[in-house]
Structures are given as C-alpha cells and as structure tokens.
>>> print(open('data.cif').read())   # mmCIF, C-alpha atoms
data_target
loop_
_atom_site.group_PDB
_atom_site.id
_atom_site.type_symbol
_atom_site.label_atom_id
_atom_site.label_comp_id
_atom_site.auth_asym_id
_atom_site.auth_seq_id
_atom_site.Cartn_x
_atom_site.Cartn_y
_atom_site.Cartn_z
ATOM 1 C CA MET A 1 57.034 3.994 5.042
ATOM 2 C CA PHE A 2 56.142 4.906 8.604
ATOM 3 C CA TRP A 3 52.860 2.968 8.403
ATOM 4 C CA PHE A 4 54.646 -0.003 6.795
ATOM 5 C CA TYR A 5 57.151 -0.326 9.654
ATOM 6 C CA LEU A 6 54.457 0.305 12.214
ATOM 7 C CA LEU A 7 52.403 -2.617 10.876
ATOM 8 C CA ILE A 8 55.475 -4.893 10.888
ATOM 9 C CA GLY A 9 56.203 -3.924 14.493
ATOM 10 C CA ILE A 10 52.663 -4.641 15.586
ATOM 11 C CA GLY A 11 52.749 -7.991 13.773
ATOM 12 C CA LEU A 12 55.968 -9.065 15.506
ATOM 13 C CA THR A 13 54.722 -7.992 18.899
ATOM 14 C CA THR A 14 51.367 -9.708 18.597
ATOM 15 C CA SER A 15 52.933 -12.941 17.338
ATOM 16 C CA GLN A 16 55.122 -13.085 20.467
ATOM 17 C CA ASN A 17 52.456 -12.140 22.964
ATOM 18 C CA LEU A 18 49.228 -14.150 22.722
ATOM 19 C CA TYR A 19 47.425 -12.048 25.318
ATOM 20 C CA PHE A 20 48.344 -8.832 23.544
ATOM 21 C CA LYS A 21 47.333 -10.328 20.217
ATOM 22 C CA SER A 22 43.936 -11.294 21.573
ATOM 23 C CA SER A 23 43.432 -7.844 23.073
ATOM 24 C CA TYR A 24 44.552 -6.174 19.881
ATOM 25 C CA LEU A 25 42.206 -8.178 17.689
ATOM 26 C CA ASN A 26 39.333 -7.570 20.058
ATOM 27 C CA THR A 27 39.983 -3.824 20.081
ATOM 28 C CA SER A 28 40.465 -3.815 16.329
ATOM 29 C CA GLY A 29 37.169 -5.646 15.915
ATOM 30 C CA GLN A 30 35.398 -3.150 18.136
ATOM 31 C CA ILE A 31 36.821 -0.253 16.171
ATOM 32 C CA SER A 32 35.869 -1.909 12.889
ATOM 33 C CA GLY A 33 32.385 -2.640 14.185
ATOM 34 C CA GLY A 34 32.021 0.909 15.433
ATOM 35 C CA ILE A 35 33.049 2.283 12.066
ATOM 36 C CA HIS A 36 30.612 -0.056 10.312
ATOM 37 C CA LEU A 37 27.825 0.970 12.677
ATOM 38 C CA PHE A 38 28.672 4.636 12.160
ATOM 39 C CA PHE A 39 28.546 4.447 8.374
ATOM 40 C CA SER A 40 25.503 2.187 8.530
ATOM 41 C CA GLY A 41 23.797 4.854 10.616
ATOM 42 C CA ILE A 42 24.699 7.477 8.049
ATOM 43 C CA GLY A 43 23.299 5.238 5.304
ATOM 44 C CA ASP A 44 20.100 4.670 7.254
ATOM 45 C CA TYR A 45 19.755 8.408 7.820
ATOM 46 C CA PHE A 46 20.013 9.288 4.140
ATOM 47 C CA SER A 47 17.852 6.314 3.174
ATOM 48 C CA LEU A 48 15.167 7.497 5.581
ATOM 49 C CA ALA A 49 15.429 11.043 4.268
ATOM 50 C CA ALA A 50 15.034 9.789 0.702
ATOM 51 C CA GLU A 51 12.066 7.644 1.684
ATOM 52 C CA ASN A 52 10.395 10.572 3.447
ATOM 53 C CA LYS A 53 10.895 12.739 0.384
ATOM 54 C CA PHE A 54 9.437 9.990 -1.790
ATOM 55 C CA LEU A 55 6.441 9.640 0.536
ATOM 56 C CA SER A 56 5.810 13.354 0.450
ATOM 57 C CA GLU A 57 5.973 13.500 -3.331
ATOM 58 C CA GLN A 58 3.745 10.469 -3.800
ATOM 59 C CA ASN A 59 1.280 11.787 -1.253
ATOM 60 C CA LYS A 60 0.926 14.954 -3.299
ATOM 61 C CA VAL A 61 0.396 12.913 -6.471
ATOM 62 C CA LEU A 62 -2.282 10.838 -4.760
ATOM 63 C CA LEU A 63 -4.077 13.855 -3.393
ATOM 64 C CA GLU A 64 -4.226 15.353 -6.860
ATOM 65 C CA ARG A 65 -5.221 12.093 -8.487
ATOM 66 C CA LEU A 66 -7.791 10.865 -5.981
ATOM 67 C CA THR A 67 -9.532 13.954 -4.704
ATOM 68 C CA ALA A 68 -9.232 16.726 -7.275
ATOM 69 C CA LEU A 69 -11.544 14.927 -9.702
ATOM 70 C CA GLU A 70 -15.124 16.113 -10.073
ATOM 71 C CA LYS A 71 -17.983 13.725 -10.675
ATOM 72 C CA PRO A 72 -19.866 14.623 -13.863
ATOM 73 C CA GLY A 73 -22.978 16.643 -13.150
ATOM 74 C CA LEU A 74 -21.873 17.935 -9.731
ATOM 75 C CA ASN A 75 -21.215 21.613 -9.168
ATOM 76 C CA GLN A 76 -18.652 20.918 -6.485
ATOM 77 C CA ASN A 77 -15.286 22.629 -6.537
ATOM 78 C CA PRO A 78 -12.312 20.192 -6.678
ATOM 79 C CA ALA A 79 -10.763 22.147 -3.794
ATOM 80 C CA GLU A 80 -13.820 21.280 -1.716
ATOM 81 C CA LEU A 81 -13.504 17.620 -2.661
ATOM 82 C CA LYS A 82 -9.957 17.603 -1.271
ATOM 83 C CA LYS A 83 -11.315 18.543 2.127
ATOM 84 C CA ASN A 84 -13.382 15.350 2.284
ATOM 85 C CA PHE A 85 -10.396 13.034 2.537
ATOM 86 C CA GLU A 86 -7.138 12.871 4.446
ATOM 87 C CA TYR A 87 -4.200 10.656 3.446
ATOM 88 C CA ILE A 88 -1.924 9.206 6.124
ATOM 89 C CA ASN A 89 1.598 8.050 5.165
ATOM 90 C CA GLY A 90 2.614 4.574 6.295
ATOM 91 C CA ARG A 91 4.917 1.672 5.546
ATOM 92 C CA ILE A 92 4.392 -2.065 5.346
ATOM 93 C CA LEU A 93 5.930 -4.238 8.050
ATOM 94 C CA LYS A 94 4.615 -7.521 6.671
ATOM 95 C CA ASN A 95 2.944 -8.560 3.437
ATOM 96 C CA SER A 96 1.472 -11.963 2.605
ATOM 97 C CA PHE A 97 0.361 -12.879 -0.920
ATOM 98 C CA THR A 98 0.730 -16.669 -1.312
ATOM 99 C CA GLY A 99 -2.246 -17.867 0.746
ATOM 100 C CA LEU A 100 -5.982 -17.733 0.175
ATOM 101 C CA ASP A 101 -6.529 -15.016 2.802
ATOM 102 C CA ASN A 102 -3.735 -12.456 2.707
ATOM 103 C CA TYR A 103 -2.987 -9.488 4.950
ATOM 104 C CA LEU A 104 -0.696 -6.485 5.247
ATOM 105 C CA THR A 105 0.670 -5.188 8.552
ATOM 106 C CA LEU A 106 1.151 -1.407 8.720
ATOM 107 C CA SER A 107 3.260 0.883 10.907
ATOM 108 C CA LEU A 108 0.125 2.881 11.759
ATOM 109 C CA GLY A 109 -2.532 2.558 14.444
ATOM 110 C CA LYS A 110 -5.084 4.440 16.510
ATOM 111 C CA LYS A 111 -2.469 6.931 17.682
ATOM 112 C CA ASP A 112 -2.116 7.895 14.006
ATOM 113 C CA SER A 113 -5.914 8.212 13.585
ATOM 114 C CA VAL A 114 -6.075 4.913 11.706
ATOM 115 C CA PHE A 115 -9.152 2.798 12.435
ATOM 116 C CA THR A 116 -11.111 -0.189 11.137
ATOM 117 C CA ASP A 117 -12.759 0.095 7.702
ATOM 118 C CA MET A 118 -10.381 2.680 6.263
ATOM 119 C CA GLY A 119 -9.134 2.214 2.718
ATOM 120 C CA VAL A 120 -5.459 1.590 1.919
ATOM 121 C CA VAL A 121 -3.798 2.552 -1.372
ATOM 122 C CA ASN A 122 -0.416 3.370 -2.879
ATOM 123 C CA GLU A 123 0.625 5.401 -5.915
ATOM 124 C CA LYS A 124 -0.424 2.579 -8.245
ATOM 125 C CA GLY A 125 -3.870 2.034 -6.803
ATOM 126 C CA LEU A 126 -6.085 0.123 -4.409
ATOM 127 C CA LEU A 127 -4.614 -2.350 -1.875
ATOM 128 C CA GLY A 128 -7.220 -3.258 0.741
ATOM 129 C CA ILE A 129 -9.172 -2.231 3.847
ATOM 130 C CA ILE A 130 -8.091 -1.891 7.506
ATOM 131 C CA GLU A 131 -9.493 -4.906 9.380
ATOM 132 C CA PHE A 132 -7.955 -4.342 12.824
ATOM 133 C CA SER A 133 -6.276 -1.323 14.389
ATOM 134 C CA GLY A 134 -4.138 -1.429 17.527
ATOM 135 C CA ASN A 135 -2.537 1.557 19.181
ATOM 136 C CA SER A 136 0.600 1.561 17.002
ATOM 137 C CA PHE A 137 -0.033 -1.019 14.273
ATOM 138 C CA SER A 138 -2.867 -2.257 12.077
ATOM 139 C CA THR A 139 -3.700 -5.144 9.771
ATOM 140 C CA VAL A 140 -5.163 -4.757 6.306
ATOM 141 C CA GLN A 141 -7.399 -7.247 4.555
ATOM 142 C CA SER A 142 -5.635 -7.375 1.204
ATOM 143 C CA ILE A 143 -7.567 -7.405 -2.047
ATOM 144 C CA LEU A 144 -5.918 -10.844 -2.303
ATOM 145 C CA HIS A 145 -8.356 -12.257 0.276
ATOM 146 C CA SER A 146 -11.214 -14.701 -0.267
ATOM 147 C CA LYS A 147 -13.647 -12.411 1.586
ATOM 148 C CA SER A 148 -12.554 -9.165 -0.034
ATOM 149 C CA LYS A 149 -15.405 -7.489 -1.903
ATOM 150 C CA ILE A 150 -14.917 -3.904 -3.060
ATOM 151 C CA ASN A 151 -17.138 -1.684 -5.159
ATOM 152 C CA VAL A 152 -15.527 -0.775 -8.495
ATOM 153 C CA LYS A 153 -16.626 0.244 -11.958
ATOM 154 C CA VAL A 154 -15.510 0.348 -15.578
ATOM 155 C CA LYS A 155 -13.886 3.727 -16.208
ATOM 156 C CA GLY A 156 -15.925 6.007 -18.451
ATOM 157 C CA THR A 157 -19.184 4.194 -17.656
ATOM 158 C CA ASP A 158 -21.655 3.834 -14.804
ATOM 159 C CA TYR A 159 -21.468 0.031 -14.766
ATOM 160 C CA PHE A 160 -20.629 -0.976 -11.201
ATOM 161 C CA GLY A 161 -19.574 -4.371 -9.883
ATOM 162 C CA SER A 162 -17.731 -6.189 -7.091
ATOM 163 C CA LEU A 163 -13.991 -6.809 -7.051
ATOM 164 C CA ILE A 164 -13.162 -10.257 -5.614
ATOM 165 C CA TRP A 165 -10.256 -12.731 -5.689
ATOM 166 C CA ASP A 166 -10.359 -16.405 -6.643
ATOM 167 C CA GLY A 167 -7.163 -17.243 -4.729
ATOM 168 C CA LYS A 168 -5.098 -18.142 -7.784
ATOM 169 C CA LYS A 169 -2.785 -15.424 -9.134
ATOM 170 C CA PRO A 170 -1.494 -12.493 -7.030
ATOM 171 C CA ASN A 171 -1.512 -10.155 -10.027
ATOM 172 C CA ARG A 172 -5.073 -10.901 -11.132
ATOM 173 C CA VAL A 173 -8.456 -10.309 -9.478
ATOM 174 C CA GLN A 174 -12.024 -10.774 -10.689
ATOM 175 C CA LEU A 175 -14.850 -8.332 -11.372
ATOM 176 C CA THR A 176 -18.421 -9.633 -11.085
ATOM 177 C CA ASP A 177 -21.970 -8.261 -11.427
ATOM 178 C CA ILE A 178 -21.302 -6.331 -14.634
ATOM 179 C CA PRO A 179 -24.345 -6.906 -16.913
ATOM 180 C CA ASP A 180 -23.957 -8.290 -20.407
ATOM 181 C CA LEU A 181 -25.201 -4.962 -21.817
ATOM 182 C CA ALA A 182 -21.981 -3.257 -20.743
ATOM 183 C CA PRO A 183 -19.598 -2.510 -23.658
ATOM 184 C CA ILE A 184 -16.630 -4.361 -22.150
ATOM 185 C CA LYS A 185 -13.387 -4.769 -24.062
ATOM 186 C CA LYS A 186 -9.856 -5.882 -23.252
ATOM 187 C CA GLY A 187 -7.699 -3.064 -21.979
ATOM 188 C CA ASP A 188 -10.543 -1.186 -20.261
ATOM 189 C CA THR A 189 -9.494 0.469 -17.001
ATOM 190 C CA ILE A 190 -11.149 -0.540 -13.732
ATOM 191 C CA ILE A 191 -11.399 2.065 -10.955
ATOM 192 C CA SER A 192 -13.032 2.378 -7.546
ATOM 193 C CA GLY A 193 -16.748 3.074 -7.798
ATOM 194 C CA GLY A 194 -17.101 5.529 -4.934
ATOM 195 C CA MET A 195 -20.298 3.831 -3.734
ATOM 196 C CA SER A 196 -19.031 3.501 -0.154
ATOM 197 C CA SER A 197 -17.494 5.762 2.477
ATOM 198 C CA ILE A 198 -14.205 3.819 2.374
ATOM 199 C CA PHE A 199 -12.701 4.743 -1.002
ATOM 200 C CA PRO A 200 -13.140 7.872 -3.116
ATOM 201 C CA GLU A 201 -14.144 7.371 -6.713
ATOM 202 C CA ASN A 202 -11.503 6.967 -9.442
ATOM 203 C CA ILE A 203 -8.769 5.079 -7.560
ATOM 204 C CA LEU A 204 -6.941 2.895 -10.064
ATOM 205 C CA VAL A 205 -7.302 -0.888 -9.833
ATOM 206 C CA GLY A 206 -6.207 -2.510 -13.097
ATOM 207 C CA THR A 207 -7.144 -3.338 -16.681
ATOM 208 C CA VAL A 208 -9.473 -5.885 -18.255
ATOM 209 C CA GLU A 209 -7.390 -8.869 -19.340
ATOM 210 C CA ASP A 210 -10.193 -11.243 -20.322
ATOM 211 C CA PHE A 211 -13.931 -11.742 -19.801
ATOM 212 C CA GLU A 212 -16.721 -14.246 -20.361
ATOM 213 C CA LEU A 213 -20.424 -14.565 -19.703
ATOM 214 C CA THR A 214 -21.427 -16.485 -16.590
ATOM 215 C CA ALA A 215 -23.553 -19.636 -16.734
ATOM 216 C CA ALA A 216 -26.674 -17.507 -16.297
ATOM 217 C CA LYS A 217 -25.591 -15.508 -19.379
ATOM 218 C CA ASN A 218 -26.723 -12.223 -17.817
ATOM 219 C CA TYR A 219 -23.453 -11.031 -16.285
ATOM 220 C CA TYR A 220 -19.770 -11.013 -17.109
ATOM 221 C CA LEU A 221 -16.962 -12.598 -15.132
ATOM 222 C CA ILE A 222 -14.067 -10.254 -15.849
ATOM 223 C CA GLN A 223 -10.384 -10.982 -15.247
ATOM 224 C CA VAL A 224 -8.570 -7.835 -14.097
ATOM 225 C CA ARG A 225 -4.791 -7.471 -14.161
ATOM 226 C CA LEU A 226 -3.738 -5.271 -11.256
ATOM 227 C CA PHE A 227 -1.655 -2.145 -11.741
ATOM 228 C CA ASN A 228 -0.006 -3.010 -8.430
ATOM 229 C CA ASP A 229 2.662 -5.639 -7.983
ATOM 230 C CA MET A 230 1.250 -7.105 -4.769
ATOM 231 C CA GLN A 231 4.614 -8.710 -4.012
ATOM 232 C CA ASN A 232 6.442 -5.367 -4.067
ATOM 233 C CA ILE A 233 4.149 -2.625 -2.791
ATOM 234 C CA GLY A 234 6.313 0.087 -1.197
ATOM 235 C CA PRO A 235 4.964 3.103 0.745
ATOM 236 C CA VAL A 236 1.209 3.159 1.415
ATOM 237 C CA TYR A 237 -1.514 5.635 2.354
ATOM 238 C CA VAL A 238 -4.525 5.145 4.582
ATOM 239 C CA ILE A 239 -7.591 7.104 3.470
ATOM 240 C CA LYS A 240 -9.606 8.904 6.116
ATOM 241 C CA ASN A 241 -13.077 10.078 5.102
ATOM 242 C CA ARG A 242 -13.823 13.093 7.291
ATOM 243 C CA PHE A 243 -17.575 12.660 6.785
ATOM 244 C CA LYS A 244 -17.729 8.900 7.322
ATOM 245 C CA LYS A 245 -19.638 9.066 10.631
ATOM 246 C CA GLU A 246 -22.161 11.487 9.179
ATOM 247 C CA ILE A 247 -22.638 9.310 6.093
ATOM 248 C CA LYS A 248 -23.133 6.204 8.254
ATOM 249 C CA ALA A 249 -25.656 8.021 10.445
ATOM 250 C CA VAL A 250 -27.689 9.096 7.414
ATOM 251 C CA GLU A 251 -27.575 5.589 5.936
ATOM 252 C CA ASN A 252 -28.658 4.023 9.238
ATOM 253 C CA ASN A 253 -31.604 6.421 9.510
ATOM 254 C CA SER A 254 -32.628 5.548 5.965
ATOM 255 C CA ASP A 255 -32.629 1.836 6.816
ATOM 256 C CA GLU A 256 -34.944 2.277 9.793
#
>>> encode(input="data.cif", output="structure tokens")
Amino acid sequence: MFWFYLLIGIGLTTSQNLYFKSSYLNTSGQISGGIHLFFSGIGDYFSLAAENKFLSEQNKVLLERLTALEKPGLNQNPAELKKNFEYINGRILKNSFTGLDNYLTLSLGKKDSVFTDMGVVNEKGLLGIIEFSGNSFSTVQSILHSKSKINVKVKGTDYFGSLIWDGKKPNRVQLTDIPDLAPIKKGDTIISGGMSSIFPENILVGTVEDFELTAAKNYYLIQVRLFNDMQNIGPVYVIKNRFKKEIKAVENNSDE
C-alpha cells in the first residue's frame, strides 16, 4: 500500500508542477536507460563469453580435423603435422554474397599475424583467401568471387581440379579440370587438394550435386553444393602455414 500511495502522490505533484514533471520524467528516463544499459552490458558480457567458448571448442575441432590427418604413404606423425599450421580465431564484420565479386571483412590484421594469401575457413569448411591485410582488419576474397580459383580434389581419389564460381547461386560452386576418366558420382565429397601453401589437405568444401562433360568431352564440369551457408557463416579461422616462406623459396629456386 505504501508504494500505491507514493505513486499517487507523485502523480498529483507532477500534474500540478510542469517543471517538476519534466525533471521527473527526465530523471526517470535516465534511470531507465541506465538500467537498460546495465543489463545490456551483462547480456553482452555473457554473450561474449559464450562466443569465446564456442570459438575455443570449434578451434579444437578444426585442429583435429584439418591437421591430424596423415597423407597415405607418408611416415609423418600426425602430431608433427599439427606443428605445420596455426589457426587464428576471428569474426566477420561484413559479408557480401549477392554480387559477382564478393568479399568478407575480418576483425584480424597484421597485428594478429594475418597477412595476404592466408586461407580462411570455419567449422563447416573453406571460405576464401586473404586478399588485403591492414593493421587491425583484413579483407577476404570469398569463394563466391569471379576470380577465385582454389585447388581441390574428389575425396578418396587423386583427381585434382579447380574450384571456381559462375556468379549464380551462393550455395553452389563449380569444379573444373577433372578428367572424364574419374569415377564421379552424385554425393561425392569435395575437399581441399593440399597442392598449395595456403590450405592444408582435407578441408571440407561440399558435395557433388550434378556433373556433365564439357564441349571438348575430355573433362567434367561439376556442380558442387557447399557445406557452408555463405549467408550465415559465424566464427572463422585464418590458417597460417609456418613453412610458407620456405616452401615459396624452394618453388622459386625450382622455377629458375
């Protein structure tokens, strides 16, 4: 009852005194806003904590999935393979997917040891390659880009090809340069080929949805449905190859 009479008293007073009413409402608004900001801050804190936990868990999954796999015929310990690559947690600030040449903007840059020509993935698979790196931010050439061309292969085989995009559907990319001798069938899994210093082998890409022989009849044009929903990506990871400079140096010497 005390609160009931108190509210009535305040109402009568404010209705008789315009200045007091204005001051009261302003103060009330500030208090309300402060409370909202306080609880919003609490929500942001727990949301951030949950996101960090999610990132940590997914990072572990990726490390196990991407780097603990041995290539057939190599006597290399999976633990040694893990040392070749480092995975850097990041988040997307901007994502385009409706144009012909699409990009992602990441919350990572040179200060985070993120540089041009590093691969970008998430827990569902391959996303693109770092095209520009500033001090605090970087842009990624998405696999949904007319100039994107990434080495991939058909899982369980040694048939390698190039992953490109025709600019039509954001959930479908194309695989070229697979010879007609390859035993392709719908539902086959496409993974990274590991033929460059950007991506390790065995990163998931998608599944074969359809395929046809090209006009030359020697190679397939394969439609690949992505595992990723490129419109809803979530946390990402930039892949750092610790031996990239050494690999490049060896390749350059071989070309001379």
>>> closest_residue(input="data.cif", among="A:Val238, A:Met230, A:Ile184, A:Val152", to="Ser107 of chain A", atoms="all atoms listed in the file")
A:Val238
>>> residues_around(input="data.cif", residues="Phe227 of chain A", least_positions_apart="5", cutoff="9 Å", atoms="only C-alpha atoms", output="PyMOL selection string")
chain A and resi 124-126+171+204-207
>>> closest_residue(input="data.cif", among="A:Leu127, A:Ile150, A:Val236, A:Val121", to="Thr176 of chain A", atoms="only C-alpha atoms")
A:Ile150
>>> resolve_selection(input="data.cif", expression="the PyMOL selection byres ((chain A and resi 200) around 10)", output="ChimeraX atom specification")
/A:66-67,69,81,84-85,119,191-199,201-203,239-241
>>> resolve_selection(input="data.cif", expression="the PyMOL selection byres ((chain A and resi 135) around 9)", output="ChimeraX atom specification")
/A:108-112,114,133-134,136-138
>>> closest_residue(input="data.cif", among="A:Phe97, A:Phe211, A:Tyr159, A:Tyr87", to="Asn122 of chain A", atoms="only C-alpha atoms")
A:Tyr87
>>> resolve_selection(input="data.cif", expression="the PyMOL selection byres ((chain A and resi 117) around 6)", output="number ranges by chain")
A: 116, 118, 129-130
>>> atom_distance(input="data.cif", atom1="atom CA of Asn102 of chain A", atom2="atom CA of Gly234 of chain A")
16.5 Å
>>> atom_distance(input="data.cif", atom1="atom CA of Lys153 of chain A", atom2="atom CA of Lys217 of chain A")
19.6 Å
>>> atom_distance(input="data.cif", atom1="atom CA of Tyr219 of chain A", atom2="atom CA of Gly161 of chain A")
10.0 Å
